[in-house]
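A quick write-up on the structure given underneath.
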Amino acid sequence: MGTHLSGTVAEGLAFMQVIDGKKADSLSGERIDVRCPSDGKVFASIPASGAADVDRAVNAARRAFDEGPWGRMPAVERGRCLTRLFQLVDKNGEELAALESRDTGKPARQGKADVVATRRYYEFYGGAGDKIHGDTIPFLDGYTTLTLREPHGVVAGIIPWNYPLQIGARVIGAALAMGNTLVVKPAEDASLTALRIAELALEAEIPEGVLNVITGYGKDAGAALSAHPLVDYVTFTGSPATGTAIQQAAAVNNRGVTMELGGKSPQIVFEDADIEAALPVLVNAIIQNGGQTCSAGSRILLHRPIYEAVAKALADRFARLVAGPHQEDRDLGAMINPKQKERVEGYVAAAREAGIPVLAEGAIDPAAPSGGYYVKPALFGSVDPDAALAREEVFGPVLSLFPFDTEQDAIRLANDTDYGLVAGVWTKDGARQHRVAKRVRAGQVFVNGYGAGGGIELPFGGFKRSGHGREKGFEALYDMSATKTIVFNHG
Ligand code: NAI
Ligand code: MG
């Protein structure tokens, strides 16, 4: 599997961090067991880094920014580095997809789809950095002014476990395209592909120290990274609570942040919608990656005249869903860890106890290893809009249905959570498409479709508790840089 394997531990492979272009264990020598969610068994280990390791990585990124060739490299050359990384991701795509699936439990096809998106991020940002330019601004007589987009400096990227390759690529691609240097900390439950990408980045001739990847627990490595005084900007995707902690840590140094903090995203289906086209999309939006997706479509608002028929059609589909090991490529895989499995089962149990009707349940493959973290997909009908199930991010294969009577009701219900990440609107009425898309508070709205997994070109991010700042597309390049204004007084 390549040079990243420095040796073996009892059950498997000892992965190393990449700091300043070199392989590095944690200074303490402590390691974290890596388990495959499909069977719960240890197959590898990663360094358990702490504040001293973070300090090394941040200093390496600092030197690479302040003194290295990266800052002076023309944007087109930086772009070529990312383009080489795109080619290497392509060449090593099968290995990366398999590693991602094994580390996260996601079905094999999802690992492959993640590699396709990852490749596209590096391709897009490889070509984007030299297309960003500043302005000249009409000003007083005797002056000429101009603006430059400048990198922040050292960026810290704290990455979650649900889409490590993809979310890693959207951070790495945009930050490096603009000339920043990076310290990335992937999640303790899914660090392997980020470590592999750091090696491929060296192979792509991205200079040493420009992309450092350290591993460790959030409370240790993550907390030290977000509070480090030599970090200029922090970007984070994950839970709102951890987002608050990271913003508080970054605030001590008054640093800027981008926060992508999940959602409780609605899809609104009106009576005139093409139901046959909508059904598979409605199911996939909550089943993809086992529902562990920030943009998961976890609430479906159904126009009352079609409520019964669509609920029944969804129930038929839910009853046929099967969770199983990643290699078997079933409808969904295992949850990332036992804590996430308990969380999902807790929401399901509480909803049942509150008397919310279960319309259908999927199954767990009887041949699935008993140590895996599987949950059954569940569909709930007529959910009370005040129930926890209606308001909180479950991050699992649990879908809630809500009836509505008028367009106004639908918009009110759609906006009736603390989140505002993505929304779907299904109707053939063109005027209604525009009205609803404008009034729903969400960073992305899909009309007669749903899905943010691809769409690397499309700006992505939240309103309200879903966070702030925008990733993906050209917008990410603005988040990953700051405007400098230069004023010439030439009389
Ligand atoms: P988390 O938000 O705590 O973890 C995400 C990342 O933050 C990981 O890399 C972790 O090591 C790091 N982290 C944790 N504590 C930190 C701290 N104090 N300082 C700096 N970094 C820290 O998410 P967790 O606990 O794994 O999952 C809980 C819930 O969060 C999920 O059930 C889901 O609802 C939500 N979540 C949302 C994601 C999204 O894509 N929006 C991704 C992952 C989780
Ligand atoms: Mg894992």
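By order of appearance in the structure tokens: chains A, B, ..., then residues from 1 within every chain, and ligands from 1 in the order shown.
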(request) Extract, using only C-alpha atoms, all DNA, RNA and protein residues at most 10 Å from Ala367 in chain A, discarding same-chain residues fewer than 2 positions from it, and format them as a VMD selection string. (result) chain A and resid 324 to 325 364 to 365 369 to 370
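Using only C-alpha atoms and all ligand atoms, we find that the residues with an atom at most 10 Å from any atom of ligand 2 are Asp33, Val34, Arg35, Cys36, Pro37, Ser38, Gly40, Val42, Phe43, Ala44, Ser45, Leu99, Glu100, Ser101, Arg102, Asp103, Thr104, Gly105, Trp161, Asn162, Ala187, Glu188, Asp189, Ala190, Ser191, Leu192, Ile336 and Asn337 of chain A.
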(request) Please check which protein, DNA or RNA residues sit within 9 Å of ligand 1, counting only C-alpha atoms and all ligand atoms, and write them as an MDAnalysis selection string. (result) chainID A and resid 157:163 167 185:191 215:227 236:246 249 260:263 292:295 336:337 339:340 343:344 392:396 466
Range 135-196 of chain A: which residues are strand (DSSP E or B) by DSSP, as a PDB file with C-alpha atoms, in the first residue's frame?
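Everything below was put into out27.pdb:
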```
ATOM      1  CA  THR A 136      -8.782  49.122  -9.464  1.00  0.00           C
ATOM      2  CA  TYR A 143      -4.362  58.680  -6.773  1.00  0.00           C
ATOM      3  CA  THR A 144      -4.362  55.204  -8.232  1.00  0.00           C
ATOM      4  CA  THR A 145      -5.677  52.332  -6.119  1.00  0.00           C
ATOM      5  CA  LEU A 146      -5.675  48.601  -6.458  1.00  0.00           C
ATOM      6  CA  THR A 147      -6.705  45.561  -4.467  1.00  0.00           C
ATOM      7  CA  LEU A 148      -4.920  42.214  -4.121  1.00  0.00           C
ATOM      8  CA  ARG A 149      -6.311  38.946  -2.771  1.00  0.00           C
ATOM      9  CA  GLU A 150      -3.707  37.734  -0.290  1.00  0.00           C
ATOM     10  CA  PRO A 151      -3.537  34.424   1.585  1.00  0.00           C
ATOM     11  CA  VAL A 154      -1.216  29.425   8.126  1.00  0.00           C
ATOM     12  CA  VAL A 155      -4.650  27.820   7.916  1.00  0.00           C
ATOM     13  CA  ALA A 156      -5.814  25.105  10.329  1.00  0.00           C
ATOM     14  CA  GLY A 157      -8.326  22.650   8.865  1.00  0.00           C
ATOM     15  CA  ILE A 158     -10.232  20.468  11.331  1.00  0.00           C
ATOM     16  CA  THR A 181       0.029  26.775   4.096  1.00  0.00           C
ATOM     17  CA  LEU A 182      -1.927  24.208   6.068  1.00  0.00           C
ATOM     18  CA  VAL A 183      -2.108  22.066   9.147  1.00  0.00           C
ATOM     19  CA  VAL A 184      -4.913  19.542   8.734  1.00  0.00           C
ATOM     20  CA  LYS A 185      -6.274  17.486  11.591  1.00  0.00           C
ATOM     21  CA  ALA A 187     -11.013  13.072  12.879  1.00  0.00           C
ATOM     22  CA  ALA A 190     -11.113   8.554  10.025  1.00  0.00           C
TER      23      ALA A 190
END
```
(message) Would you compute the distance between CA of Ala251 in chain A and CA of Val171 in chain A? Give it in Å to one decimal.
(response)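 Between CA of Ala251 in chain A and CA of Val171 in chain A the gap works out to 20.5 Å.
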(request) Grab the CA of Gln433 in chain A to CA of Gly381 in chain A distance for me, in Å with one decimal place. (result)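 Calculated distance between CA of Gln433 in chain A and CA of Gly381 in chain A is 25.1 Å.
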(request) Would you list the contacts of Ala311 in chain A as a PyMOL selection string, taking every protein, DNA or RNA residue within 10 Å and counting only C-alpha atoms, but skipping same-chain residues closer than 6 positions in sequence? (result) chain A and resi 300+302+317+359-360+379-382+401-403
(request) Kindly indicate which residue among A:Arg62, A:Arg84, A:Lys472, A:Lys376 lies nearest to Ala169 in chain A, using only C-alpha atoms for the distances. (result) A:Lys472
(request) Find the distance between CA of Ala442 in chain A and CA of Gly462 in chain A and write it in Å to one decimal. (result)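 Interatomic distance here is 6.2 Å.
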(message) Please determine, counting only C-alpha atoms, which residue among A:Ala98, A:Leu176, A:Ala64, A:Val116 has the shortest atom-to-atom distance to Pro207 in chain A.
(response)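 Checking each of A:Ala98, A:Leu176, A:Ala64, A:Val116 against Pro207 in chain A, counting only C-alpha atoms, the winner is A:Ala64.
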(request) Find the residues around range 445-457 of chain A up to 9 Å (only C-alpha atoms counted), leave out those fewer than 5 positions away in its own chain, and share them as JSON, numbers by chain. (result) {"A": [113, 114, 116, 117, 120, 121, 124, 166, 170, 267, 273, 274, 277, 278, 281, 282, 285, 295, 296, 297, 421, 422, 423, 424, 425, 426, 427, 428, 433, 434, 437, 438, 440, 472, 473, 474]}
(request) Name the residues in contact with Pro47 in chain A at a cut-off of 7 Å, using only C-alpha atoms, excluding same-chain residues fewer than 5 positions from it; report them as a list in words. (result) Met16, Asp25, Ser26, Glu30, Arg31, Ile32, Thr215 and Gly216 of chain A
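Distances to Arg80 in chain A were evaluated for A:Lys484, A:Lys41, A:Val58, A:Ala177 using only C-alpha atoms, and the minimum falls at A:Ala177.
Considering only C-alpha atoms, the residue among A:Leu321, A:Val398, A:Leu82, A:Ala315 positioned nearest to Ala204 in chain A is A:Leu82.
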